[in-house]
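A.B. asks: I'd like to ask some things about the structure below.
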Amino acid sequence: MARQDNAIDVRNAVKRYGSFTALKEVSLSIKDNEFFTLLGPSGCGKTTLLRMIAGFEDVSHGSIHLYGQEIENLPPNQRPVNTVFQSYALFPHLNVLDNVAFGVEMKGASQSEARSKARQMLELVQLSDFSARKPSQLSGGQQQRVALARALAPQPKVLLLDEPLSALDLKLRKAMQLELKHLQRETGITFIFVTHDQEEALTMSDRIAVMSAGELQQLGTPREIYESPRNVFVADFIGETNLLTVVVKEIRDGNAICQLDGGHELHCNEVAGIGVGSSVHLSLRPERVFISDKPRESKSLQGKVSENIFIGTDITTIVNLTDGPTFTVRTSNSDRGSKGIFEPGSDVYVNMEPGAARLLID
């Protein structure tokens, strides 16, 4: 049953295009005043779900509720939601003020009321001085802010954002990520954001729904998704990880002793449904691993440095274990003196923080 204090409830939603199923029995709830992100690669179903919420696509099976009201049979113009598209879709013949006022007028407000609301929105996105300009006279970042102001002006209950930052350069994208989060908090409107950019999702979201092949893979906070991925897809898609094949040799006291190729052993978390003898994968984030010239403990793994890669803020070290797999180790540039950087060919020991190795459901 849909809850009235949830902004959106999606229940067993299916979308079919002929014989192809784009969305497969997806269920999720989005809280009021939440910055919620649908994350996944191209073709995973995230934009299809967003368009179903907006009313641009019908629901083949299941239901969608907005604050407890079933909405899948309402046309888009009768849903209290607005969409910011990737292309911005500004009217080229109207100035900025009239672009923002347009949606308010379409809701029945007078021109003076609509323009007054538009001025408030332009002040919110810091574009008051540009109200008389045409879209062609604005930068990409400014056009994006106008599109946001226009979508926010009619005061929708939910704002849908379909990869609105993808056309911006990297530096501007990062600046706009922070501005979007600030806007969401200031307006109190529920934002549903679609992206394929993992870092963007981690930076901005209260919660993330990771999708693949039309299915919901994991739902949680950015920290939960990153630190405790549920399966191989999530671990591999979100950030960088050491994805290793192991056999579970023993389980005791909530921990699993796992054996890598070559006989090396690691201590991992226990996962329901994974028993002794199971051949599964584990995830080990590179920043949770460090190397030393002497073993720090009995669980240290011996190997040889293959390569160091300087990437500015971090240094990535590739270590080949003796008769075993390859490890990627990430060291912060500020930590390299205390943790040590070893030249290629150096014999080293690979160590990891407690709880760093996470067993995965394949």
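The chains in the structure tokens are called A, B, ... from first to last as shown; in each chain the residues are counted from 1, and the ligands are counted from 1 in the order shown.
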Taking 4 positions as the minimum chain separation for residues in the same chain, which residues sit within 6 Å of Leu282 (chain A) when counting only C-alpha atoms? Answer as a list of chain:residue names.
C.D. replies: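 Selected residues are A:Leu243, A:Leu244, A:Arg358, A:Leu359, A:Leu360.
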A.B. asks: For the selection just defined, write its residues with N, CA and C atoms to a file, as an mmCIF file, in the first residue's frame.
C.D. replies:
data_model
loop_
_atom_site.group_PDB
_atom_site.id
_atom_site.type_symbol
_atom_site.label_atom_id
_atom_site.label_comp_id
_atom_site.auth_asym_id
_atom_site.auth_seq_id
_atom_site.Cartn_x
_atom_site.Cartn_y
_atom_site.Cartn_z
ATOM 1 N N LEU A 243 38.150 -6.776 -7.576
ATOM 2 C CA LEU A 243 37.096 -7.786 -7.654
ATOM 3 C C LEU A 243 37.777 -9.142 -7.810
ATOM 4 N N LEU A 244 37.752 -9.940 -6.760
ATOM 5 C CA LEU A 244 38.546 -11.157 -6.693
ATOM 6 C C LEU A 244 37.661 -12.391 -6.502
ATOM 7 N N ARG A 358 34.667 -7.399 1.255
ATOM 8 C CA ARG A 358 33.230 -7.622 1.298
ATOM 9 C C ARG A 358 32.836 -8.735 0.336
ATOM 10 N N LEU A 359 32.246 -9.825 0.880
ATOM 11 C CA LEU A 359 31.724 -10.880 0.035
ATOM 12 C C LEU A 359 30.508 -10.377 -0.733
ATOM 13 N N LEU A 360 30.341 -10.868 -1.955
ATOM 14 C CA LEU A 360 29.275 -10.395 -2.842
ATOM 15 C C LEU A 360 28.394 -11.541 -3.290
#
A.B. asks: Report as a PDB file with C-alpha atoms, in the first residue's frame all protein, DNA and RNA residues lying within 7 Å of Ser128 (chain A), evaluated on only C-alpha atoms, omitting residues in the same chain fewer than 4 positions from it.
C.D. replies:
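Printed below is part_26.pdb as written:
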ATOM      1  CA  ARG A 119      12.002  37.001 -10.784  1.00  0.00           C
ATOM      2  CA  LEU A 122      15.961  33.886 -11.156  1.00  0.00           C
ATOM      3  CA  GLU A 123      17.187  35.351  -7.876  1.00  0.00           C
TER       4      GLU A 123
END
A.B. asks: Considering only C-alpha atoms, state which residue in the set A:Ala151, A:Ile341, A:Met176, A:Ile315 is at the smallest distance from Tyr88 (chain A).
C.D. replies: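 Looking only at the distances to Tyr88 (chain A), the closest residue turns out to be A:Ala151.
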A.B. asks: Calculated over only C-alpha atoms, which of the candidates A:Glu287, A:Asp162, A:Asp98, A:Asp261 has the smallest distance to Phe85 (chain A)?
C.D. replies: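 Closest to Phe85 (chain A), using only C-alpha atoms: A:Asp162.
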A.B. asks: Apply DSSP to the structure's backbone, then extract all residues of region 150-326 of chain A labelled alpha helix (DSSP H) and return them as number ranges by chain.
C.D. replies: A: 150-152, 170-187, 198-204, 222-227, 232-237
A.B. asks: For a quick check of understanding, using only C-alpha atoms, which of A:Tyr349, A:Phe310, A:Phe237, A:Tyr226 has the smallest distance to Phe290 (chain A)?
C.D. replies: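 Smallest separation from Phe290 (chain A) among the options: A:Tyr349.
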A.B. asks: What lies within 9 Å of Val26 (chain A) using only C-alpha atoms, ignoring chain neighbours under 5 positions off, as a PDB file with C-alpha atoms, in the first residue's frame?
C.D. replies:
ATOM      1  CA  VAL A  10       6.557   2.596  -7.480  1.00  0.00           C
ATOM      2  CA  ARG A  11       5.035  -0.853  -7.069  1.00  0.00           C
ATOM      3  CA  ASN A  12       5.996  -3.791  -9.330  1.00  0.00           C
ATOM      4  CA  ALA A  13       6.361  -1.462 -12.311  1.00  0.00           C
ATOM      5  CA  VAL A  14       6.875  -3.132 -15.685  1.00  0.00           C
ATOM      6  CA  LEU A  49      11.210   4.867 -15.086  1.00  0.00           C
ATOM      7  CA  GLY A  62       2.103  -2.237 -11.697  1.00  0.00           C
ATOM      8  CA  GLY A 214      15.758  -3.133 -16.194  1.00  0.00           C
ATOM      9  CA  GLU A 215      16.137  -4.343 -12.615  1.00  0.00           C
ATOM     10  CA  LEU A 216      16.812  -2.635  -9.293  1.00  0.00           C
TER      11      LEU A 216
END
A.B. asks: Do a neighbour search on Leu39 (chain A) at 9 Å with only C-alpha atoms, toss out local chain neighbours closer than 3 positions, and write the hits as a list of chain:residue names.
C.D. replies: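 Selected residues are A:Cys44, A:Lys46, A:Phe193, A:Val194, A:Thr195, A:His196, A:Asp197, A:Gln198, A:Ala201, A:Ile208, A:Ala209, A:Val210, A:Met211, A:Ser212.
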A.B. asks: Restricting it to N, CA and C atoms, dump the selection as a compact mmCIF listing (two decimals), in the first residue's frame.
C.D. replies:
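Result file follows (selection06.txt):
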# COMPACT_ATOMS: atom_id res chain seq x y z
N CYS A 44 19.70 0.84 -18.97
CA CYS A 44 19.36 0.06 -17.77
C CYS A 44 17.91 0.24 -17.33
N LYS A 46 16.61 3.42 -16.28
CA LYS A 46 16.44 4.55 -15.36
C LYS A 46 15.64 5.69 -16.00
N PHE A 193 16.73 12.39 -9.76
CA PHE A 193 17.83 12.73 -10.67
C PHE A 193 18.30 11.47 -11.38
N VAL A 194 18.43 11.54 -12.69
CA VAL A 194 18.92 10.40 -13.47
C VAL A 194 20.34 10.69 -13.95
N THR A 195 21.25 9.74 -13.75
CA THR A 195 22.62 9.90 -14.23
C THR A 195 23.27 8.53 -14.41
N HIS A 196 24.31 8.51 -15.25
CA HIS A 196 25.16 7.31 -15.36
C HIS A 196 26.50 7.55 -14.68
N ASP A 197 26.67 8.74 -14.09
CA ASP A 197 27.94 9.15 -13.49
C ASP A 197 27.93 8.79 -12.00
N GLN A 198 28.77 7.82 -11.62
CA GLN A 198 28.77 7.34 -10.24
C GLN A 198 29.19 8.42 -9.25
N ALA A 201 26.40 10.86 -8.60
CA ALA A 201 25.38 10.28 -7.72
C ALA A 201 25.84 10.27 -6.27
N ILE A 208 20.38 6.37 -3.36
CA ILE A 208 20.64 5.99 -4.75
C ILE A 208 19.97 4.66 -5.04
N ALA A 209 19.32 4.56 -6.20
CA ALA A 209 18.84 3.28 -6.71
C ALA A 209 19.74 2.90 -7.88
N VAL A 210 20.51 1.83 -7.72
CA VAL A 210 21.39 1.35 -8.79
C VAL A 210 20.61 0.37 -9.65
N MET A 211 20.60 0.61 -10.96
CA MET A 211 19.82 -0.21 -11.87
C MET A 211 20.70 -0.84 -12.94
N SER A 212 20.28 -2.00 -13.40
CA SER A 212 20.96 -2.68 -14.51
C SER A 212 19.97 -3.61 -15.19
A.B. asks: Would you list the contacts of Val59 (chain A) as an NGL selection string, taking every protein, DNA or RNA residue within 9 Å and counting only C-alpha atoms, but skipping same-chain residues closer than 6 positions in sequence?
C.D. replies: :A and (13-16 or 52 or 72-73)
A.B. asks: Calculate how many Å separate CA of Asn6 (chain A) from CA of Gln177 (chain A), rounding to one decimal.
C.D. replies: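 It comes out at 24.3 Å.
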